[in-house]
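Listing of work.cif; format and content: mmCIF, N, CA, C and O atoms.
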data_start
loop_
_atom_site.group_PDB
_atom_site.id
_atom_site.type_symbol
_atom_site.label_atom_id
_atom_site.label_comp_id
_atom_site.auth_asym_id
_atom_site.auth_seq_id
_atom_site.Cartn_x
_atom_site.Cartn_y
_atom_site.Cartn_z
ATOM 1 N N MET X 10 -155.980 -35.512 -49.258
ATOM 2 C CA MET X 10 -156.765 -36.047 -50.341
ATOM 3 C C MET X 10 -157.883 -35.057 -50.667
ATOM 4 O O MET X 10 -158.585 -34.600 -49.793
ATOM 5 N N LYS X 11 -157.995 -34.773 -51.932
ATOM 6 C CA LYS X 11 -159.012 -33.825 -52.392
ATOM 7 C C LYS X 11 -160.305 -34.572 -52.686
ATOM 8 O O LYS X 11 -160.289 -35.623 -53.306
ATOM 9 N N LYS X 12 -161.431 -34.040 -52.207
ATOM 10 C CA LYS X 12 -162.739 -34.626 -52.484
ATOM 11 C C LYS X 12 -163.425 -33.845 -53.589
ATOM 12 O O LYS X 12 -163.460 -32.618 -53.557
ATOM 13 N N VAL X 13 -163.980 -34.576 -54.574
ATOM 14 C CA VAL X 13 -164.614 -33.954 -55.728
ATOM 15 C C VAL X 13 -165.895 -34.719 -56.035
ATOM 16 O O VAL X 13 -165.897 -35.954 -56.071
ATOM 17 N N ASP X 14 -166.973 -34.018 -56.264
ATOM 18 C CA ASP X 14 -168.214 -34.658 -56.682
ATOM 19 C C ASP X 14 -168.067 -35.091 -58.136
ATOM 20 O O ASP X 14 -167.358 -34.463 -58.923
ATOM 21 N N LYS X 15 -168.737 -36.184 -58.505
ATOM 22 C CA LYS X 15 -168.563 -36.713 -59.859
ATOM 23 C C LYS X 15 -169.009 -35.740 -60.945
ATOM 24 O O LYS X 15 -168.488 -35.771 -62.053
ATOM 25 N N SER X 16 -169.925 -34.832 -60.655
ATOM 26 C CA SER X 16 -170.310 -33.828 -61.654
ATOM 27 C C SER X 16 -169.173 -32.838 -61.884
ATOM 28 O O SER X 16 -168.949 -32.403 -63.013
ATOM 29 N N GLN X 17 -168.429 -32.496 -60.819
ATOM 30 C CA GLN X 17 -167.258 -31.623 -60.964
ATOM 31 C C GLN X 17 -166.161 -32.339 -61.751
ATOM 32 O O GLN X 17 -165.478 -31.729 -62.562
ATOM 33 N N LEU X 18 -165.989 -33.623 -61.483
ATOM 34 C CA LEU X 18 -164.975 -34.401 -62.186
ATOM 35 C C LEU X 18 -165.269 -34.440 -63.679
ATOM 36 O O LEU X 18 -164.370 -34.262 -64.496
ATOM 37 N N LYS X 19 -166.508 -34.658 -64.013
ATOM 38 C CA LYS X 19 -166.908 -34.725 -65.422
ATOM 39 C C LYS X 19 -166.594 -33.419 -66.139
ATOM 40 O O LYS X 19 -166.088 -33.423 -67.259
ATOM 41 N N ALA X 20 -166.851 -32.297 -65.490
ATOM 42 C CA ALA X 20 -166.633 -30.993 -66.122
ATOM 43 C C ALA X 20 -165.154 -30.617 -66.207
ATOM 44 O O ALA X 20 -164.758 -29.866 -67.099
ATOM 45 N N ASN X 21 -164.316 -31.145 -65.297
ATOM 46 C CA ASN X 21 -162.917 -30.718 -65.221
ATOM 47 C C ASN X 21 -161.941 -31.887 -65.157
ATOM 48 O O ASN X 21 -160.917 -31.823 -64.483
ATOM 49 N N LEU X 22 -162.231 -32.959 -65.859
ATOM 50 C CA LEU X 22 -161.435 -34.178 -65.763
ATOM 51 C C LEU X 22 -159.963 -33.947 -66.065
ATOM 52 O O LEU X 22 -159.090 -34.384 -65.314
ATOM 53 N N LEU X 23 -159.651 -33.260 -67.145
ATOM 54 C CA LEU X 23 -158.257 -33.039 -67.524
ATOM 55 C C LEU X 23 -157.491 -32.299 -66.434
ATOM 56 O O LEU X 23 -156.359 -32.665 -66.098
ATOM 57 N N GLU X 24 -158.087 -31.294 -65.851
ATOM 58 C CA GLU X 24 -157.430 -30.535 -64.784
ATOM 59 C C GLU X 24 -157.138 -31.421 -63.571
ATOM 60 O O GLU X 24 -156.060 -31.357 -62.981
ATOM 61 N N PHE X 25 -158.098 -32.265 -63.203
ATOM 62 C CA PHE X 25 -157.896 -33.148 -62.055
ATOM 63 C C PHE X 25 -156.823 -34.200 -62.339
ATOM 64 O O PHE X 25 -156.026 -34.528 -61.473
ATOM 65 N N LEU X 26 -156.800 -34.721 -63.559
ATOM 66 C CA LEU X 26 -155.777 -35.697 -63.914
ATOM 67 C C LEU X 26 -154.387 -35.080 -63.895
ATOM 68 O O LEU X 26 -153.415 -35.713 -63.480
ATOM 69 N N GLN X 27 -154.275 -33.839 -64.319
ATOM 70 C CA GLN X 27 -152.986 -33.139 -64.257
ATOM 71 C C GLN X 27 -152.565 -32.916 -62.810
ATOM 72 O O GLN X 27 -151.382 -33.017 -62.480
ATOM 73 N N LEU X 28 -153.505 -32.634 -61.940
ATOM 74 C CA LEU X 28 -153.220 -32.463 -60.519
ATOM 75 C C LEU X 28 -152.646 -33.752 -59.933
ATOM 76 O O LEU X 28 -151.672 -33.733 -59.183
ATOM 77 N N VAL X 29 -153.231 -34.859 -60.317
ATOM 78 C CA VAL X 29 -152.740 -36.156 -59.842
ATOM 79 C C VAL X 29 -151.363 -36.443 -60.418
ATOM 80 O O VAL X 29 -150.442 -36.843 -59.700
ATOM 81 N N GLU X 30 -151.207 -36.228 -61.709
ATOM 82 C CA GLU X 30 -149.957 -36.558 -62.387
ATOM 83 C C GLU X 30 -148.789 -35.673 -61.944
ATOM 84 O O GLU X 30 -147.707 -36.169 -61.651
ATOM 85 N N LEU X 31 -149.007 -34.377 -61.883
ATOM 86 C CA LEU X 31 -147.913 -33.451 -61.621
ATOM 87 C C LEU X 31 -147.611 -33.246 -60.136
ATOM 88 O O LEU X 31 -146.466 -33.045 -59.756
ATOM 89 N N GLU X 32 -148.638 -33.278 -59.299
ATOM 90 C CA GLU X 32 -148.448 -32.983 -57.879
ATOM 91 C C GLU X 32 -148.607 -34.192 -56.979
ATOM 92 O O GLU X 32 -148.379 -34.115 -55.778
ATOM 93 N N GLY X 33 -149.030 -35.312 -57.563
ATOM 94 C CA GLY X 33 -149.193 -36.519 -56.768
ATOM 95 C C GLY X 33 -150.407 -36.492 -55.844
ATOM 96 O O GLY X 33 -150.525 -37.317 -54.945
ATOM 97 N N GLU X 34 -151.298 -35.565 -56.065
ATOM 98 C CA GLU X 34 -152.505 -35.438 -55.240
ATOM 99 C C GLU X 34 -153.441 -36.611 -55.491
ATOM 100 O O GLU X 34 -153.589 -37.070 -56.618
ATOM 101 N N GLU X 35 -154.049 -37.150 -54.437
ATOM 102 C CA GLU X 35 -155.078 -38.165 -54.592
ATOM 103 C C GLU X 35 -156.431 -37.479 -54.597
ATOM 104 O O GLU X 35 -156.645 -36.510 -53.883
ATOM 105 N N ILE X 36 -157.330 -38.012 -55.404
ATOM 106 C CA ILE X 36 -158.669 -37.427 -55.507
ATOM 107 C C ILE X 36 -159.694 -38.495 -55.162
ATOM 108 O O ILE X 36 -159.659 -39.600 -55.706
ATOM 109 N N LEU X 37 -160.594 -38.152 -54.257
ATOM 110 C CA LEU X 37 -161.702 -39.030 -53.904
ATOM 111 C C LEU X 37 -162.945 -38.496 -54.605
ATOM 112 O O LEU X 37 -163.383 -37.380 -54.341
ATOM 113 N N VAL X 38 -163.484 -39.302 -55.519
ATOM 114 C CA VAL X 38 -164.678 -38.907 -56.263
ATOM 115 C C VAL X 38 -165.893 -39.397 -55.481
ATOM 116 O O VAL X 38 -165.956 -40.559 -55.082
ATOM 117 N N THR X 39 -166.835 -38.495 -55.271
ATOM 118 C CA THR X 39 -168.022 -38.836 -54.491
ATOM 119 C C THR X 39 -169.284 -38.663 -55.324
ATOM 120 O O THR X 39 -169.302 -37.923 -56.303
ATOM 121 N N ASP X 40 -170.319 -39.359 -54.892
ATOM 122 C CA ASP X 40 -171.655 -39.187 -55.446
ATOM 123 C C ASP X 40 -172.489 -38.686 -54.280
ATOM 124 O O ASP X 40 -172.942 -39.473 -53.458
ATOM 125 N N GLY X 41 -172.607 -37.382 -54.168
ATOM 126 C CA GLY X 41 -173.206 -36.785 -52.977
ATOM 127 C C GLY X 41 -172.226 -36.926 -51.819
ATOM 128 O O GLY X 41 -171.135 -36.397 -51.869
ATOM 129 N N THR X 42 -172.587 -37.701 -50.825
ATOM 130 C CA THR X 42 -171.673 -37.923 -49.692
ATOM 131 C C THR X 42 -171.024 -39.302 -49.743
ATOM 132 O O THR X 42 -170.162 -39.610 -48.921
ATOM 133 N N ASN X 43 -171.395 -40.123 -50.720
ATOM 134 C CA ASN X 43 -170.862 -41.485 -50.828
ATOM 135 C C ASN X 43 -169.594 -41.525 -51.672
ATOM 136 O O ASN X 43 -169.609 -41.100 -52.835
ATOM 137 N N PRO X 44 -168.496 -42.046 -51.135
ATOM 138 C CA PRO X 44 -167.287 -42.206 -51.945
ATOM 139 C C PRO X 44 -167.499 -43.257 -53.034
ATOM 140 O O PRO X 44 -168.125 -44.279 -52.784
ATOM 141 N N VAL X 45 -166.996 -42.968 -54.237
ATOM 142 C CA VAL X 45 -167.195 -43.856 -55.373
ATOM 143 C C VAL X 45 -165.866 -44.387 -55.899
ATOM 144 O O VAL X 45 -165.694 -45.587 -56.080
ATOM 145 N N VAL X 46 -164.918 -43.481 -56.146
ATOM 146 C CA VAL X 46 -163.651 -43.846 -56.777
ATOM 147 C C VAL X 46 -162.532 -43.011 -56.170
ATOM 148 O O VAL X 46 -162.723 -41.842 -55.841
ATOM 149 N N ARG X 47 -161.351 -43.626 -56.052
ATOM 150 C CA ARG X 47 -160.157 -42.879 -55.652
ATOM 151 C C ARG X 47 -159.210 -42.864 -56.840
ATOM 152 O O ARG X 47 -158.907 -43.903 -57.412
ATOM 153 N N ILE X 48 -158.733 -41.687 -57.196
ATOM 154 C CA ILE X 48 -157.792 -41.537 -58.304
ATOM 155 C C ILE X 48 -156.436 -41.184 -57.708
ATOM 156 O O ILE X 48 -156.306 -40.228 -56.941
ATOM 157 N N SER X 49 -155.421 -41.981 -58.059
ATOM 158 C CA SER X 49 -154.068 -41.722 -57.567
ATOM 159 C C SER X 49 -153.067 -42.090 -58.649
ATOM 160 O O SER X 49 -153.413 -42.718 -59.648
ATOM 161 N N GLN X 50 -151.812 -41.725 -58.432
ATOM 162 C CA GLN X 50 -150.772 -42.032 -59.395
ATOM 163 C C GLN X 50 -150.560 -43.534 -59.469
ATOM 164 O O GLN X 50 -150.698 -44.247 -58.475
ATOM 165 N N TYR X 51 -150.223 -44.015 -60.641
ATOM 166 C CA TYR X 51 -149.919 -45.417 -60.854
ATOM 167 C C TYR X 51 -148.591 -45.737 -60.190
ATOM 168 O O TYR X 51 -147.624 -44.986 -60.317
ATOM 169 N N GLN X 52 -148.553 -46.843 -59.456
ATOM 170 C CA GLN X 52 -147.312 -47.268 -58.818
ATOM 171 C C GLN X 52 -146.869 -48.578 -59.432
ATOM 172 O O GLN X 52 -147.576 -49.579 -59.357
ATOM 173 N N LYS X 53 -145.707 -48.552 -60.031
ATOM 174 C CA LYS X 53 -145.161 -49.740 -60.666
ATOM 175 C C LYS X 53 -144.781 -50.759 -59.590
ATOM 176 O O LYS X 53 -144.169 -50.406 -58.588
ATOM 177 N N THR X 54 -145.149 -51.999 -59.792
ATOM 178 C CA THR X 54 -144.782 -53.060 -58.867
ATOM 179 C C THR X 54 -143.337 -53.454 -59.131
ATOM 180 O O THR X 54 -142.982 -53.790 -60.262
ATOM 181 N N PRO X 55 -142.497 -53.408 -58.095
ATOM 182 C CA PRO X 55 -141.084 -53.756 -58.315
ATOM 183 C C PRO X 55 -140.914 -55.251 -58.608
ATOM 184 O O PRO X 55 -141.694 -56.075 -58.132
ATOM 185 N N THR X 56 -139.896 -55.565 -59.385
ATOM 186 C CA THR X 56 -139.593 -56.957 -59.689
ATOM 187 C C THR X 56 -138.940 -57.611 -58.480
ATOM 188 O O THR X 56 -138.496 -56.936 -57.553
ATOM 189 N N THR X 57 -138.859 -58.921 -58.497
ATOM 190 C CA THR X 57 -138.189 -59.658 -57.423
ATOM 191 C C THR X 57 -136.737 -59.216 -57.318
ATOM 192 O O THR X 57 -136.201 -59.050 -56.223
ATOM 193 N N GLU X 58 -136.098 -59.013 -58.448
ATOM 194 C CA GLU X 58 -134.697 -58.555 -58.475
ATOM 195 C C GLU X 58 -134.557 -57.212 -57.759
ATOM 196 O O GLU X 58 -133.646 -57.014 -56.962
ATOM 197 N N GLU X 59 -135.470 -56.294 -58.028
ATOM 198 C CA GLU X 59 -135.415 -54.980 -57.383
ATOM 199 C C GLU X 59 -135.682 -55.071 -55.883
ATOM 200 O O GLU X 59 -135.062 -54.371 -55.085
ATOM 201 N N LEU X 60 -136.623 -55.939 -55.499
ATOM 202 C CA LEU X 60 -136.974 -56.067 -54.085
ATOM 203 C C LEU X 60 -135.822 -56.607 -53.232
ATOM 204 O O LEU X 60 -135.614 -56.174 -52.107
ATOM 205 N N PHE X 61 -135.096 -57.568 -53.766
ATOM 206 C CA PHE X 61 -134.082 -58.259 -52.974
ATOM 207 C C PHE X 61 -132.651 -57.912 -53.360
ATOM 208 O O PHE X 61 -131.716 -58.594 -52.934
ATOM 209 N N LYS X 62 -132.443 -56.844 -54.121
ATOM 210 C CA LYS X 62 -131.095 -56.509 -54.585
ATOM 211 C C LYS X 62 -130.131 -56.228 -53.435
ATOM 212 O O LYS X 62 -128.955 -56.559 -53.522
ATOM 213 N N ASN X 63 -130.608 -55.676 -52.333
ATOM 214 C CA ASN X 63 -129.721 -55.377 -51.203
ATOM 215 C C ASN X 63 -129.322 -56.625 -50.423
ATOM 216 O O ASN X 63 -128.382 -56.595 -49.635
ATOM 217 N N MET X 64 -130.033 -57.727 -50.622
ATOM 218 C CA MET X 64 -129.740 -58.968 -49.916
ATOM 219 C C MET X 64 -128.802 -59.886 -50.684
ATOM 220 O O MET X 64 -128.292 -60.859 -50.135
ATOM 221 N N ARG X 65 -128.563 -59.588 -51.959
ATOM 222 C CA ARG X 65 -127.729 -60.452 -52.788
ATOM 223 C C ARG X 65 -126.352 -60.636 -52.146
ATOM 224 O O ARG X 65 -125.697 -59.689 -51.773
ATOM 225 N N GLY X 66 -125.972 -61.896 -51.967
ATOM 226 C CA GLY X 66 -124.665 -62.216 -51.400
ATOM 227 C C GLY X 66 -124.629 -62.198 -49.879
ATOM 228 O O GLY X 66 -123.592 -62.456 -49.286
ATOM 229 N N LYS X 67 -125.730 -61.902 -49.228
ATOM 230 C CA LYS X 67 -125.745 -61.802 -47.769
ATOM 231 C C LYS X 67 -126.461 -62.973 -47.088
ATOM 232 O O LYS X 67 -126.409 -63.096 -45.884
ATOM 233 N N VAL X 68 -127.127 -63.814 -47.867
ATOM 234 C CA VAL X 68 -127.868 -64.931 -47.299
ATOM 235 C C VAL X 68 -126.963 -66.150 -47.234
ATOM 236 O O VAL X 68 -126.279 -66.486 -48.198
ATOM 237 N N LYS X 69 -126.930 -66.825 -46.071
ATOM 238 C CA LYS X 69 -126.101 -68.022 -45.895
ATOM 239 C C LYS X 69 -127.012 -69.236 -45.775
ATOM 240 O O LYS X 69 -128.003 -69.206 -45.062
ATOM 241 N N TYR X 70 -126.651 -70.287 -46.473
ATOM 242 C CA TYR X 70 -127.391 -71.537 -46.420
ATOM 243 C C TYR X 70 -126.559 -72.544 -45.637
ATOM 244 O O TYR X 70 -125.394 -72.763 -45.936
ATOM 245 N N PHE X 71 -127.144 -73.170 -44.630
ATOM 246 C CA PHE X 71 -126.421 -74.113 -43.791
ATOM 247 C C PHE X 71 -126.710 -75.558 -44.175
ATOM 248 O O PHE X 71 -126.081 -76.472 -43.677
ATOM 249 N N GLU X 72 -127.692 -75.768 -45.035
ATOM 250 C CA GLU X 72 -128.024 -77.104 -45.513
ATOM 251 C C GLU X 72 -128.254 -77.047 -47.013
ATOM 252 O O GLU X 72 -128.433 -75.978 -47.580
ATOM 253 N N ASP X 73 -128.261 -78.229 -47.628
ATOM 254 C CA ASP X 73 -128.554 -78.310 -49.053
ATOM 255 C C ASP X 73 -130.047 -78.050 -49.251
ATOM 256 O O ASP X 73 -130.889 -78.797 -48.750
ATOM 257 N N LEU X 74 -130.394 -77.003 -49.950
ATOM 258 C CA LEU X 74 -131.786 -76.615 -50.125
ATOM 259 C C LEU X 74 -132.548 -77.536 -51.061
ATOM 260 O O LEU X 74 -133.778 -77.491 -51.123
ATOM 261 N N THR X 75 -131.852 -78.383 -51.794
ATOM 262 C CA THR X 75 -132.529 -79.251 -52.756
ATOM 263 C C THR X 75 -132.862 -80.627 -52.194
ATOM 264 O O THR X 75 -133.489 -81.427 -52.870
ATOM 265 N N THR X 76 -132.445 -80.925 -50.957
ATOM 266 C CA THR X 76 -132.752 -82.235 -50.385
ATOM 267 C C THR X 76 -134.216 -82.312 -50.011
ATOM 268 O O THR X 76 -134.841 -81.328 -49.621
ATOM 269 N N SER X 77 -134.753 -83.515 -50.094
ATOM 270 C CA SER X 77 -136.153 -83.759 -49.790
ATOM 271 C C SER X 77 -136.409 -83.604 -48.295
ATOM 272 O O SER X 77 -135.595 -83.998 -47.462
ATOM 273 N N THR X 78 -137.564 -83.069 -47.955
ATOM 274 C CA THR X 78 -137.915 -82.910 -46.540
ATOM 275 C C THR X 78 -139.076 -83.809 -46.162
ATOM 276 O O THR X 78 -139.608 -83.715 -45.075
ATOM 277 N N THR X 79 -139.458 -84.706 -47.063
ATOM 278 C CA THR X 79 -140.628 -85.549 -46.800
ATOM 279 C C THR X 79 -140.401 -86.501 -45.627
ATOM 280 O O THR X 79 -141.346 -86.886 -44.961
ATOM 281 N N GLU X 80 -139.154 -86.910 -45.357
ATOM 282 C CA GLU X 80 -138.912 -87.803 -44.227
ATOM 283 C C GLU X 80 -139.178 -87.122 -42.905
ATOM 284 O O GLU X 80 -139.457 -87.781 -41.910
ATOM 285 N N GLU X 81 -139.085 -85.839 -42.852
ATOM 286 C CA GLU X 81 -139.274 -85.107 -41.600
ATOM 287 C C GLU X 81 -140.738 -85.013 -41.194
ATOM 288 O O GLU X 81 -141.046 -84.780 -40.040
ATOM 289 N N TRP X 82 -141.651 -85.190 -42.133
ATOM 290 C CA TRP X 82 -143.069 -85.012 -41.872
ATOM 291 C C TRP X 82 -143.730 -86.352 -41.594
ATOM 292 O O TRP X 82 -143.555 -87.311 -42.322
ATOM 293 N N GLN X 83 -144.517 -86.386 -40.555
ATOM 294 C CA GLN X 83 -145.244 -87.601 -40.226
ATOM 295 C C GLN X 83 -146.606 -87.557 -40.915
ATOM 296 O O GLN X 83 -147.178 -86.496 -41.118
ATOM 297 N N GLU X 84 -147.128 -88.749 -41.239
ATOM 298 C CA GLU X 84 -148.454 -88.795 -41.845
ATOM 299 C C GLU X 84 -149.505 -88.480 -40.815
ATOM 300 O O GLU X 84 -149.372 -88.817 -39.667
ATOM 301 N N VAL X 85 -150.566 -87.840 -41.255
ATOM 302 C CA VAL X 85 -151.649 -87.466 -40.352
ATOM 303 C C VAL X 85 -152.699 -88.546 -40.307
ATOM 304 O O VAL X 85 -153.019 -89.186 -41.208
#

Give the structure from this file in structure tokens form.
Amino acid sequence: MKKVDKSQLKANLLEFLQLVELEGEEILVTDGTNPVVRISQYQKTPTTEELFKNMRGKVKYFEDLTTSTTEEWQEV
């Protein structure tokens, strides 16, 4: 991770953004010695379909999943 003071970032923002975009470098922006912001590539959140695509057709159900389970629970 590259550390950059915010004054350097202001003067060279486009160059730093290209570094992040093209090389995947993360940049930690500091104010003196205090970290302020981390700049990194955007990561798309996968959909449920994408997350579980390898499991499709492999899950076995041994009971009816739509039956009520309220009888199993005792009142407190």

- Task: Within 8 Å of Lys15 of chain X, counting only C-alpha atoms, which residues show up once you throw out same-chain ones fewer than 6 positions away? Write them as an MDAnalysis selection string, please.
- Result: chainID X and resid 38:40

- From segment 12-72 of chain X, collect each residue whose DSSP state is strand (DSSP E) and return the set as an MDAnalysis selection string. chainID X and resid 12:14 36:40 43:48

- Task: Might you spell out which residues the PyMOL selection byres ((chain X and resi 20-37) around 6) would select in the displayed file, as an MDAnalysis selection string?
- Result: chainID X and resid 10:19 38:39 46:50

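You will find atom CA of Val68 of chain X at 22.6 Å from atom C of Thr54 of chain X.
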
- Query: Hey, what does DSSP flag as alpha helix (DSSP H) within chain X? Can you give it to me as a PyMOL selection string?
  - Reply: chain X and resi 15-20+22-32+57-60

Put those residues in a file: N, CA, C and O atoms, as a PDB file, in the coordinates of the input.
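Produced file selection_28.pdb, reproduced below:
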ATOM      1  N   LYS X  15    -168.737 -36.184 -58.505  1.00  0.00           N
ATOM      2  CA  LYS X  15    -168.563 -36.713 -59.859  1.00  0.00           C
ATOM      3  C   LYS X  15    -169.009 -35.740 -60.945  1.00  0.00           C
ATOM      4  O   LYS X  15    -168.488 -35.771 -62.053  1.00  0.00           O
ATOM      5  N   SER X  16    -169.925 -34.832 -60.655  1.00  0.00           N
ATOM      6  CA  SER X  16    -170.310 -33.828 -61.654  1.00  0.00           C
ATOM      7  C   SER X  16    -169.173 -32.838 -61.884  1.00  0.00           C
ATOM      8  O   SER X  16    -168.949 -32.403 -63.013  1.00  0.00           O
ATOM      9  N   GLN X  17    -168.429 -32.496 -60.819  1.00  0.00           N
ATOM     10  CA  GLN X  17    -167.258 -31.623 -60.964  1.00  0.00           C
ATOM     11  C   GLN X  17    -166.161 -32.339 -61.751  1.00  0.00           C
ATOM     12  O   GLN X  17    -165.478 -31.729 -62.562  1.00  0.00           O
ATOM     13  N   LEU X  18    -165.989 -33.623 -61.483  1.00  0.00           N
ATOM     14  CA  LEU X  18    -164.975 -34.401 -62.186  1.00  0.00           C
ATOM     15  C   LEU X  18    -165.269 -34.440 -63.679  1.00  0.00           C
ATOM     16  O   LEU X  18    -164.370 -34.262 -64.496  1.00  0.00           O
ATOM     17  N   LYS X  19    -166.508 -34.658 -64.013  1.00  0.00           N
ATOM     18  CA  LYS X  19    -166.908 -34.725 -65.422  1.00  0.00           C
ATOM     19  C   LYS X  19    -166.594 -33.419 -66.139  1.00  0.00           C
ATOM     20  O   LYS X  19    -166.088 -33.423 -67.259  1.00  0.00           O
ATOM     21  N   ALA X  20    -166.851 -32.297 -65.490  1.00  0.00           N
ATOM     22  CA  ALA X  20    -166.633 -30.993 -66.122  1.00  0.00           C
ATOM     23  C   ALA X  20    -165.154 -30.617 -66.207  1.00  0.00           C
ATOM     24  O   ALA X  20    -164.758 -29.866 -67.099  1.00  0.00           O
ATOM     25  N   LEU X  22    -162.231 -32.959 -65.859  1.00  0.00           N
ATOM     26  CA  LEU X  22    -161.435 -34.178 -65.763  1.00  0.00           C
ATOM     27  C   LEU X  22    -159.963 -33.947 -66.065  1.00  0.00           C
ATOM     28  O   LEU X  22    -159.090 -34.384 -65.314  1.00  0.00           O
ATOM     29  N   LEU X  23    -159.651 -33.260 -67.145  1.00  0.00           N
ATOM     30  CA  LEU X  23    -158.257 -33.039 -67.524  1.00  0.00           C
ATOM     31  C   LEU X  23    -157.491 -32.299 -66.434  1.00  0.00           C
ATOM     32  O   LEU X  23    -156.359 -32.665 -66.098  1.00  0.00           O
ATOM     33  N   GLU X  24    -158.087 -31.294 -65.851  1.00  0.00           N
ATOM     34  CA  GLU X  24    -157.430 -30.535 -64.784  1.00  0.00           C
ATOM     35  C   GLU X  24    -157.138 -31.421 -63.571  1.00  0.00           C
ATOM     36  O   GLU X  24    -156.060 -31.357 -62.981  1.00  0.00           O
ATOM     37  N   PHE X  25    -158.098 -32.265 -63.203  1.00  0.00           N
ATOM     38  CA  PHE X  25    -157.896 -33.148 -62.055  1.00  0.00           C
ATOM     39  C   PHE X  25    -156.823 -34.200 -62.339  1.00  0.00           C
ATOM     40  O   PHE X  25    -156.026 -34.528 -61.473  1.00  0.00           O
ATOM     41  N   LEU X  26    -156.800 -34.721 -63.559  1.00  0.00           N
ATOM     42  CA  LEU X  26    -155.777 -35.697 -63.914  1.00  0.00           C
ATOM     43  C   LEU X  26    -154.387 -35.080 -63.895  1.00  0.00           C
ATOM     44  O   LEU X  26    -153.415 -35.713 -63.480  1.00  0.00           O
ATOM     45  N   GLN X  27    -154.275 -33.839 -64.319  1.00  0.00           N
ATOM     46  CA  GLN X  27    -152.986 -33.139 -64.257  1.00  0.00           C
ATOM     47  C   GLN X  27    -152.565 -32.916 -62.810  1.00  0.00           C
ATOM     48  O   GLN X  27    -151.382 -33.017 -62.480  1.00  0.00           O
ATOM     49  N   LEU X  28    -153.505 -32.634 -61.940  1.00  0.00           N
ATOM     50  CA  LEU X  28    -153.220 -32.463 -60.519  1.00  0.00           C
ATOM     51  C   LEU X  28    -152.646 -33.752 -59.933  1.00  0.00           C
ATOM     52  O   LEU X  28    -151.672 -33.733 -59.183  1.00  0.00           O
ATOM     53  N   VAL X  29    -153.231 -34.859 -60.317  1.00  0.00           N
ATOM     54  CA  VAL X  29    -152.740 -36.156 -59.842  1.00  0.00           C
ATOM     55  C   VAL X  29    -151.363 -36.443 -60.418  1.00  0.00           C
ATOM     56  O   VAL X  29    -150.442 -36.843 -59.700  1.00  0.00           O
ATOM     57  N   GLU X  30    -151.207 -36.228 -61.709  1.00  0.00           N
ATOM     58  CA  GLU X  30    -149.957 -36.558 -62.387  1.00  0.00           C
ATOM     59  C   GLU X  30    -148.789 -35.673 -61.944  1.00  0.00           C
ATOM     60  O   GLU X  30    -147.707 -36.169 -61.651  1.00  0.00           O
ATOM     61  N   LEU X  31    -149.007 -34.377 -61.883  1.00  0.00           N
ATOM     62  CA  LEU X  31    -147.913 -33.451 -61.621  1.00  0.00           C
ATOM     63  C   LEU X  31    -147.611 -33.246 -60.136  1.00  0.00           C
ATOM     64  O   LEU X  31    -146.466 -33.045 -59.756  1.00  0.00           O
ATOM     65  N   GLU X  32    -148.638 -33.278 -59.299  1.00  0.00           N
ATOM     66  CA  GLU X  32    -148.448 -32.983 -57.879  1.00  0.00           C
ATOM     67  C   GLU X  32    -148.607 -34.192 -56.979  1.00  0.00           C
ATOM     68  O   GLU X  32    -148.379 -34.115 -55.778  1.00  0.00           O
ATOM     69  N   THR X  57    -138.859 -58.921 -58.497  1.00  0.00           N
ATOM     70  CA  THR X  57    -138.189 -59.658 -57.423  1.00  0.00           C
ATOM     71  C   THR X  57    -136.737 -59.216 -57.318  1.00  0.00           C
ATOM     72  O   THR X  57    -136.201 -59.050 -56.223  1.00  0.00           O
ATOM     73  N   GLU X  58    -136.098 -59.013 -58.448  1.00  0.00           N
ATOM     74  CA  GLU X  58    -134.697 -58.555 -58.475  1.00  0.00           C
ATOM     75  C   GLU X  58    -134.557 -57.212 -57.759  1.00  0.00           C
ATOM     76  O   GLU X  58    -133.646 -57.014 -56.962  1.00  0.00           O
ATOM     77  N   GLU X  59    -135.470 -56.294 -58.028  1.00  0.00           N
ATOM     78  CA  GLU X  59    -135.415 -54.980 -57.383  1.00  0.00           C
ATOM     79  C   GLU X  59    -135.682 -55.071 -55.883  1.00  0.00           C
ATOM     80  O   GLU X  59    -135.062 -54.371 -55.085  1.00  0.00           O
ATOM     81  N   LEU X  60    -136.623 -55.939 -55.499  1.00  0.00           N
ATOM     82  CA  LEU X  60    -136.974 -56.067 -54.085  1.00  0.00           C
ATOM     83  C   LEU X  60    -135.822 -56.607 -53.232  1.00  0.00           C
ATOM     84  O   LEU X  60    -135.614 -56.174 -52.107  1.00  0.00           O
TER      85      LEU X  60
END

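Of note, atom N of Lys69 of chain X and atom O of Thr57 of chain X are spaced 15.8 Å apart.
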
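Across the model, the gap from atom CA of Met64 of chain X to atom CA of Thr76 of chain X is 23.5 Å.
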